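Below: one structure, written as structure tokens.
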There are 4 protein chains.
Amino acid sequence: MPGNSFGRRFVVTTFGESHGPALGVVIDGVPPGLPLDQDRLRADLARRRPGQSSLSTPRKETDEPELLSGLFEGKTLGTPLCIIFRNDDVKSADYDNLRDTYRPSHADYTYDARFGLRDHRGGGRASARETVGRVAAGAVARQVLAAQGIEVVAWVSRVAGEACGDIDLASVSRGAVDANAVRCPDAESAARMEAAIRAARAEGDTVGGVIQGVARGLPAGLGSPVFDKLEADLARAMLSIPAAKGFESGSGYAGTYLRGSAHNDPFVPGERGPVTTRNHSGGVQGGISNGMPVTWSVAFKPVATIFHEQDTVNQNGEAVTLKPRGRHDPCVLPRAVAIVEAMACLVIVDHWLERWR
Amino acid sequence: MPGNSFGRRFVVTTFGESHGPALGVVIDGVPPGLPLDQDRLRADLARRRPGQSSLSTPRKETDEPELLSGLFEGKTLGTPLCIIFRNDDVKSADYDNLRDTYRPSHADYTYDARFGLRDHRGGGRASARETVGRVAAGAVARQVLAAQGIEVVAWVSRVAGEACGDIDLASVSRGAVDANAVRCPDAESAARMEAAIRAARAEGDTVGGVIQGVARGLPAGLGSPVFDKLEADLARAMLSIPAAKGFESGSGYAGTYLRGSAHNDPFVPGERGPVTTRNHSGGVQGGISNGMPVTWSVAFKPVATIFHEQDTVNQNGEAVTLKPRGRHDPCVLPRAVAIVEAMACLVIVDHWLERWR
Amino acid sequence: MPGNSFGRRFVVTTFGESHGPALGVVIDGVPPGLPLDQDRLRADLARRRPGQSSLSTPRKETDEPELLSGLFEGKTLGTPLCIIFRNDDVKSADYDNLRDTYRPSHADYTYDARFGLRDHRGGGRASARETVGRVAAGAVARQVLAAQGIEVVAWVSRVAGEACGDIDLASVSRGAVDANAVRCPDAESAARMEAAIRAARAEGDTVGGVIQGVARGLPAGLGSPVFDKLEADLARAMLSIPAAKGFESGSGYAGTYLRGSAHNDPFVPGERGPVTTRNHSGGVQGGISNGMPVTWSVAFKPVATIFHEQDTVNQNGEAVTLKPRGRHDPCVLPRAVAIVEAMACLVIVDHWLERWR
Amino acid sequence: MPGNSFGRRFVVTTFGESHGPALGVVIDGVPPGLPLDQDRLRADLARRRPGQSSLSTPRKETDEPELLSGLFEGKTLGTPLCIIFRNDDVKSADYDNLRDTYRPSHADYTYDARFGLRDHRGGGRASARETVGRVAAGAVARQVLAAQGIEVVAWVSRVAGEACGDIDLASVSRGAVDANAVRCPDAESAARMEAAIRAARAEGDTVGGVIQGVARGLPAGLGSPVFDKLEADLARAMLSIPAAKGFESGSGYAGTYLRGSAHNDPFVPGERGPVTTRNHSGGVQGGISNGMPVTWSVAFKPVATIFHEQDTVNQNGEAVTLKPRGRHDPCVLPRAVAIVEAMACLVIVDHWLERWR
């Protein structure tokens, strides 16, 4: 497969460029007979939409999903769903200066190296706008999972140096996450994060940070050794998100400072099988879910588009100075929460459908 | 695919249980006409082999590769290579007590949940012994890459709290890595790490840490947007290694503390296309290599097998006490260097073969 | 993959129901930099379009392709092309009687058995209308192949008992095929076939037949042993076409009457490598092209929709009588020529992209 | 995937050359907990083995399967099975003259064109000996299917011009098929076929023919539209068998002479859902099983190795005369019955595992 598909059983293929006629997604493998709640689909999409708060890019896109196939009388048919999104607010002229200039830490040069040409407008295919299709697919996956009692929640746990206070993984909810524009469920932390974002923006600069996620309600037994491990697939899913540079499962990097005796998760009898008294494993052992909450984090680098002049080169290999133009987010994390959740839903639904039954 | 295959163009399928007759690997997609150097293959395998130093498990395995197919007069045919490894030093009786007991933070319970049965001897399929096939495949991939001027080096960069001093990514060599039993190219750091490992073992305990890697010589243009990004595939590859719990590409988690203006990698003209004056991107932008060294890290949790009594449950869901038995490594990192390199080679050769030509 | 994708390197995913909002296709793996000729795309689509002659269904569809992605300034980007087709002339009420009745030799019952529900309007996903996306993808593939000097031609070689006279495989052209409504390049044979079609239609009945195809200009060396043989992939491609019930490669069933000495194709020196003095192999030996024309045939059963009353059962398992309604083709072969060519182009371009280089 | 794997859920990868150290197969996706009957496995292999009767090649191979993985205490673990077969009776010197000569209608030239080199001994990877791994995998699949009440039977229905009398598809058994060396369940027909084979052999020549197959006990609902149709996958499976040149599903080519009113299969109420009063569909409608017996045929060309001198070319492109040497079957059909059954089992088990549940 040439790269634009994800999943083995619930197969998602996205298409579209930032300033092309439309973007979208085809989802093959959706279980038949699912009553698709389009209001919930729209609500999920709204969390990723640009222009949703003063912290994000002013680009206006309705991101109205148009369902072309796979539904009949409100239910999924078991055939592919195609969902498209028209591009409305394209200001392609803003990008004319990028036709032959490579922005630092963007994908301009590498796309040229890979394909020999690129659509320079708005980042083309490399634009985070591509993720609208992922979020739509994730929203469908979420509805499949919800019917199984599985839920996925992600939140911003750090922005630059501003870290979130303790979050109860057993109870943190999307409602709490959405209570502020930063999408950090701890209000005081969110305020500090927002200040950091505004401070960076005021200086024409950008910030990165960390998103955490938890999936609750997974039965034990999801995941396929030895390569299609649940956390391996999660890692791939997360690192496929634009600007992601790191991934942790369970105790992650911090756990490497512990000794085995402190890190191991003791089993005790539970109501529906063994449970562990702590969860350094992040709900996954040997690549397979153990019934405890699945936990992970994702590192996002600071946004590469800044409002400073930058040294770079052009398509002819000449040194040039890049002047800032266009619209951008000073921090992708608040909107990336929706993408992290979507990708996690895609991974989990895929393993749900692959389990032995 | 049910989980035991890796890659799209250079497809590796491993098989085998720790105490079964043999383990091995089938490699499909090896370019034809490659003169396979079996001495180098054996040398790569020796780096993963148990019993290679006083820091690793005393299990003795020759890990002698038996090539069953795909070679003719010393050259690859373009047909599948099958390489098998007989199990010699199995002491299955050591594991009788694990037939119905779930070791904490091992895959015993989850395999039962997934498959309804398991081979309890030596961890069965979940044993790190499975990786012998990966290292063999990685060794073949390395030879393909070497012919293209691409080389991959990994090393232990931290054990528990003992971190490595600065390593020059442009020059660090496998020779320097292999200069000591820890596989840290800085001798002083290696000595501290070795002490940490011995201290843990003396107390019947184990330690984890971090391995870093670099791939040099990749041309710009390897990697497939939007899901098969080079770093997404690397992330999956690394998280598929037993005990891996985290992954970083380039600046990783540390980079999230920087602002965009400090994190961006400025381009300047180079001899063969643009180069960057720093490499926070880790050689990958938009999921595609930019010609700079590709860099990453992997977090390994402390080994789950410890020589302490542990609380756990058995197959009937009853609380039991697990007494320590068997053989194990107090720290997997020195041997895991070979696995990290092998998996990186597999990812890179796959993308090399997928590039547009 | 759940069934709606075809190909490994040039991956085609179709979506859409006969009476849904739209049908279409996503094509991933299109080589970048191809100047896409949209007029030729439309011309290829016109050959499949309903209502193109008095021999086909009167359903009117413009089949106007809408390209949503993957193109920039007229050239392919190497990113997915999505092409959609709105449904215009849907007369869904015509199908109300089929909501709970299973038409004989249609996919109504089997879709219900597979998915538990179905879109009964116009055959839903099982409608031959799904193939509009295939023909669009095939048209793109054809342009990729044309740049390599590879061309594919198919024609109707038999309708019911009316067989075509001898066709010169080295020279038969699409122009000759399109010279009449039947798409048989021999005018006299075409006239007999047309009479057979009209005779069947006059009696409310339908006919089947055979389509033959040839691909010229393939270099030797396309095809992957042992499962992804060129003719195995062709067989799958052809049998995936609605109403196809048989496939032959080269000498096919007729060749089984010959002895080896008469069937073998002797090699003689040629200008660019060996050529054979006859071509019973159909251009494929050991699953790999040998540089001679690739030849095959496909059997199409008579159309299942007839204008007779038929005995059948309904969703409750009760015997009922089905009364004829709706629109249909008395013979699919003239339009299926475009589909056979498209699927052949997809197979060949896939192997072209998979060859060792 | 580079060509040596088959299946999506029950994934079979074969490896090995005719005169290499061993051949074999890895099977990933075998349901866990299956008690594998190794006697039945051996019995299935014996049907494909060379030297089993005076009608086949005198090459002696025990084809003793060596199971390396995936089994524990007689049951499948859900992990990959690897089964290997040592090559015993290799007479490689017999093939020295083929090192640089291309045998007509063999894969010698095309392998060179594809890979740039080849193992000329015994046909290398293109040898029908490769199918020993397929038959082993098919034998495992058969045991999975048997537990579901699904059985597959194939037989020789024509050799050259000698056709089999009527066979009752509802009752034909493997026992009846194995009652004679030809594997035609009609004794009188078998005698005629055997005479045809002996006559050809006496003249140093070879014959082809047709194998038919039936799969009984499939539930309605197996198969995935639109590309992974049951009969499309069967077609690919059959055409991947060495020497196969044609495939029919249900009424096949003969059905194309019928009108729709005569071809359609009327539904009538049955005990467990609708049944049809005839079975031109061959048990498949819209690519999905309808609960009736699945029927198909495969055409096999006459064996290319003959005991006549033949004109051909060598690796340098020069005209040469090929003198006959080595061992061969005068007719592959009796042994190919086992391969046809195996491939059918692989297709059906794959769809069984892919069904919605």
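Each chain of the structure tokens is named A, B, ... in the order shown, its residues numbered from 1; ligands are numbered from 1 in display order.
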
Q.
Within 12 Å of chain A, which residues belong to chain D? Use only C-alpha atoms and report them as a count of residues only.
A. 23

Q: Apply DSSP to the structure's backbone, then extract all residues of stretch 263-317 of chain A labelled strand (DSSP E or B) and return them as a list in words.
A: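 In stretch 263-317 of chain A, DSSP puts these residues in strand (DSSP E or B): Phe267, Val268, Val275, Thr276, Val284, Gln285, Ile288, Ser289, Val294, Thr295, Trp296, Ser297, Val298, Ala299, Phe300, Gln310, Asp311, Thr312, Val313 and Asn314 of chain A.
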
Can I get the selected residues back with C-alpha atoms, as a short mmCIF file (atom, residue, chain, number, x, y, z; two decimals), in the first residue's frame?
```cif
data_model
loop_
_atom_site.label_atom_id
_atom_site.label_comp_id
_atom_site.auth_asym_id
_atom_site.auth_seq_id
_atom_site.Cartn_x
_atom_site.Cartn_y
_atom_site.Cartn_z
CA PHE A 267 -1.96 -9.16 39.69
CA VAL A 268 -4.82 -9.58 42.13
CA VAL A 275 -6.52 -6.87 37.63
CA THR A 276 -3.29 -5.12 38.51
CA VAL A 284 -0.72 -3.71 27.54
CA GLN A 285 1.49 -6.73 28.22
CA ILE A 288 -1.98 -7.44 24.14
CA SER A 289 -4.47 -5.61 26.34
CA VAL A 294 -4.63 1.67 28.09
CA THR A 295 -2.53 4.78 28.55
CA TRP A 296 -0.09 6.64 26.35
CA SER A 297 1.40 10.03 25.57
CA VAL A 298 2.47 11.85 22.43
CA ALA A 299 5.07 14.58 22.09
CA PHE A 300 4.36 17.42 19.65
CA GLN A 310 14.23 32.47 8.57
CA ASP A 311 17.23 31.36 6.58
CA THR A 312 16.53 28.63 4.10
CA VAL A 313 17.14 27.49 0.53
CA ASN A 314 15.01 27.45 -2.59
#
```

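Every protein, DNA or RNA residue with an atom at most 7 Å from stretch 21-27 of chain B, where only C-alpha atoms count and chain neighbours fewer than 4 positions away do not, is listed here: B:Phe10, B:Val11, B:Val12, B:Thr13, B:Thr14, B:Phe15, B:Gly16, B:Glu17, B:Pro80, B:Leu81, B:Cys82, B:Ile83, B:Ile84, B:Phe85, B:Arg86, B:Asn87, B:Glu130, B:Gly133, B:Ala137, D:Leu68, D:Ser69.
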
Q: Going by DSSP on the backbone, which bits of stretch 37-208 of chain A are alpha helix (DSSP H)? Write them as a count of residues only, please.
A: 55

**Q.** Polymer residues at most 12 Å from B:Ser251, only C-alpha atoms, same-chain spacing of 6 or more positions, as a ChimeraX atom specification
**A.** /A:208,243-246,299-302 /B:212,257-258,262-265,278-284,294-297

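Contact shell of D:Leu98 at 12 Å (only C-alpha atoms; same-chain neighbours under 6 positions omitted): Ser92, Pro104, His106, Ala107, Asp108, Tyr109, Arg118, Asp119, His120, Arg121, Gly122, Gly123, Gly124, Thr312, Val313, Asn314, Gln315, Val320, Thr321, Leu322, Lys323, Pro324, Arg325 and Gly326 of chain D.
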
Emit the selected residues as a PDB file, in the first residue's frame, including N, CA and C atoms.
```pdb
ATOM      1  N   SER D  92      20.950 -32.929  -9.161  1.00  0.00           N
ATOM      2  CA  SER D  92      21.156 -31.622  -9.776  1.00  0.00           C
ATOM      3  C   SER D  92      21.959 -31.710 -11.056  1.00  0.00           C
ATOM      4  N   PRO D 104      11.503 -24.326 -23.502  1.00  0.00           N
ATOM      5  CA  PRO D 104      10.250 -23.745 -24.007  1.00  0.00           C
ATOM      6  C   PRO D 104       9.097 -23.946 -23.009  1.00  0.00           C
ATOM      7  N   HIS D 106       8.631 -23.107 -20.155  1.00  0.00           N
ATOM      8  CA  HIS D 106       8.984 -23.125 -18.740  1.00  0.00           C
ATOM      9  C   HIS D 106       9.228 -21.691 -18.278  1.00  0.00           C
ATOM     10  N   ALA D 107       9.614 -21.570 -17.023  1.00  0.00           N
ATOM     11  CA  ALA D 107       9.816 -20.243 -16.456  1.00  0.00           C
ATOM     12  C   ALA D 107      11.278 -19.819 -16.452  1.00  0.00           C
ATOM     13  N   ASP D 108      12.124 -20.525 -17.183  1.00  0.00           N
ATOM     14  CA  ASP D 108      13.560 -20.230 -17.139  1.00  0.00           C
ATOM     15  C   ASP D 108      13.842 -18.804 -17.606  1.00  0.00           C
ATOM     16  N   TYR D 109      13.329 -18.495 -18.780  1.00  0.00           N
ATOM     17  CA  TYR D 109      13.620 -17.183 -19.347  1.00  0.00           C
ATOM     18  C   TYR D 109      12.964 -16.073 -18.520  1.00  0.00           C
ATOM     19  N   ARG D 118      18.877 -17.092 -11.695  1.00  0.00           N
ATOM     20  CA  ARG D 118      17.922 -18.114 -11.277  1.00  0.00           C
ATOM     21  C   ARG D 118      18.673 -19.349 -10.851  1.00  0.00           C
ATOM     22  N   ASP D 119      18.000 -20.164 -10.078  1.00  0.00           N
ATOM     23  CA  ASP D 119      18.508 -21.492  -9.750  1.00  0.00           C
ATOM     24  C   ASP D 119      17.929 -22.429 -10.811  1.00  0.00           C
ATOM     25  N   HIS D 120      18.814 -22.900 -11.688  1.00  0.00           N
ATOM     26  CA  HIS D 120      18.339 -23.681 -12.842  1.00  0.00           C
ATOM     27  C   HIS D 120      18.029 -25.132 -12.483  1.00  0.00           C
ATOM     28  N   ARG D 121      18.382 -25.534 -11.272  1.00  0.00           N
ATOM     29  CA  ARG D 121      18.291 -26.958 -10.940  1.00  0.00           C
ATOM     30  C   ARG D 121      16.849 -27.354 -10.619  1.00  0.00           C
ATOM     31  N   GLY D 122      16.297 -28.155 -11.480  1.00  0.00           N
ATOM     32  CA  GLY D 122      14.946 -28.660 -11.230  1.00  0.00           C
ATOM     33  C   GLY D 122      13.877 -27.595 -11.301  1.00  0.00           C
ATOM     34  N   GLY D 123      14.195 -26.495 -11.956  1.00  0.00           N
ATOM     35  CA  GLY D 123      13.193 -25.432 -12.073  1.00  0.00           C
ATOM     36  C   GLY D 123      13.269 -24.440 -10.937  1.00  0.00           C
ATOM     37  N   GLY D 124      14.134 -24.730  -9.945  1.00  0.00           N
ATOM     38  CA  GLY D 124      14.325 -23.783  -8.843  1.00  0.00           C
ATOM     39  C   GLY D 124      13.016 -23.503  -8.127  1.00  0.00           C
ATOM     40  N   THR D 312      15.209 -23.832 -29.177  1.00  0.00           N
ATOM     41  CA  THR D 312      15.071 -22.775 -28.167  1.00  0.00           C
ATOM     42  C   THR D 312      16.273 -21.847 -28.256  1.00  0.00           C
ATOM     43  N   VAL D 313      16.411 -20.963 -27.277  1.00  0.00           N
ATOM     44  CA  VAL D 313      17.553 -20.051 -27.252  1.00  0.00           C
ATOM     45  C   VAL D 313      18.245 -20.177 -25.901  1.00  0.00           C
ATOM     46  N   ASN D 314      19.495 -19.728 -25.868  1.00  0.00           N
ATOM     47  CA  ASN D 314      20.215 -19.740 -24.596  1.00  0.00           C
ATOM     48  C   ASN D 314      20.332 -18.323 -24.027  1.00  0.00           C
ATOM     49  N   GLN D 315      21.028 -18.240 -22.917  1.00  0.00           N
ATOM     50  CA  GLN D 315      21.121 -16.982 -22.196  1.00  0.00           C
ATOM     51  C   GLN D 315      21.774 -15.872 -23.022  1.00  0.00           C
ATOM     52  N   VAL D 320      19.591 -22.649 -30.007  1.00  0.00           N
ATOM     53  CA  VAL D 320      20.196 -23.928 -29.633  1.00  0.00           C
ATOM     54  C   VAL D 320      19.125 -25.004 -29.675  1.00  0.00           C
ATOM     55  N   THR D 321      19.583 -26.243 -29.632  1.00  0.00           N
ATOM     56  CA  THR D 321      18.657 -27.365 -29.560  1.00  0.00           C
ATOM     57  C   THR D 321      18.701 -27.945 -28.149  1.00  0.00           C
ATOM     58  N   LEU D 322      17.547 -28.105 -27.573  1.00  0.00           N
ATOM     59  CA  LEU D 322      17.464 -28.648 -26.221  1.00  0.00           C
ATOM     60  C   LEU D 322      17.246 -30.148 -26.298  1.00  0.00           C
ATOM     61  N   LYS D 323      18.147 -30.898 -25.657  1.00  0.00           N
ATOM     62  CA  LYS D 323      17.965 -32.341 -25.623  1.00  0.00           C
ATOM     63  C   LYS D 323      17.273 -32.715 -24.333  1.00  0.00           C
ATOM     64  N   PRO D 324      16.376 -33.673 -24.389  1.00  0.00           N
ATOM     65  CA  PRO D 324      15.600 -34.017 -23.195  1.00  0.00           C
ATOM     66  C   PRO D 324      16.440 -34.742 -22.148  1.00  0.00           C
ATOM     67  N   ARG D 325      16.262 -34.363 -20.893  1.00  0.00           N
ATOM     68  CA  ARG D 325      16.889 -35.044 -19.753  1.00  0.00           C
ATOM     69  C   ARG D 325      15.988 -34.890 -18.530  1.00  0.00           C
ATOM     70  N   GLY D 326      16.383 -35.569 -17.448  1.00  0.00           N
ATOM     71  CA  GLY D 326      15.683 -35.364 -16.188  1.00  0.00           C
ATOM     72  C   GLY D 326      14.442 -36.230 -16.044  1.00  0.00           C
TER      73      GLY D 326
END
```

Q: Please provide as a list in words all residues within 9 Å of B:Arg42, with the sequence filter that same-chain residues fewer than 4 positions apart are discarded (counting only C-alpha atoms).
A: Asp37, Gln38, Ala46, Arg47, Asp63, Glu64, Pro65, Ala136 and Ala139 of chain B

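You will find atom CA of A:His308 at 20.1 Å from atom CA of A:Ser127.
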
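Atom pair atom CA of A:Arg236 / atom CA of A:Leu346: separated by 11.5 Å.
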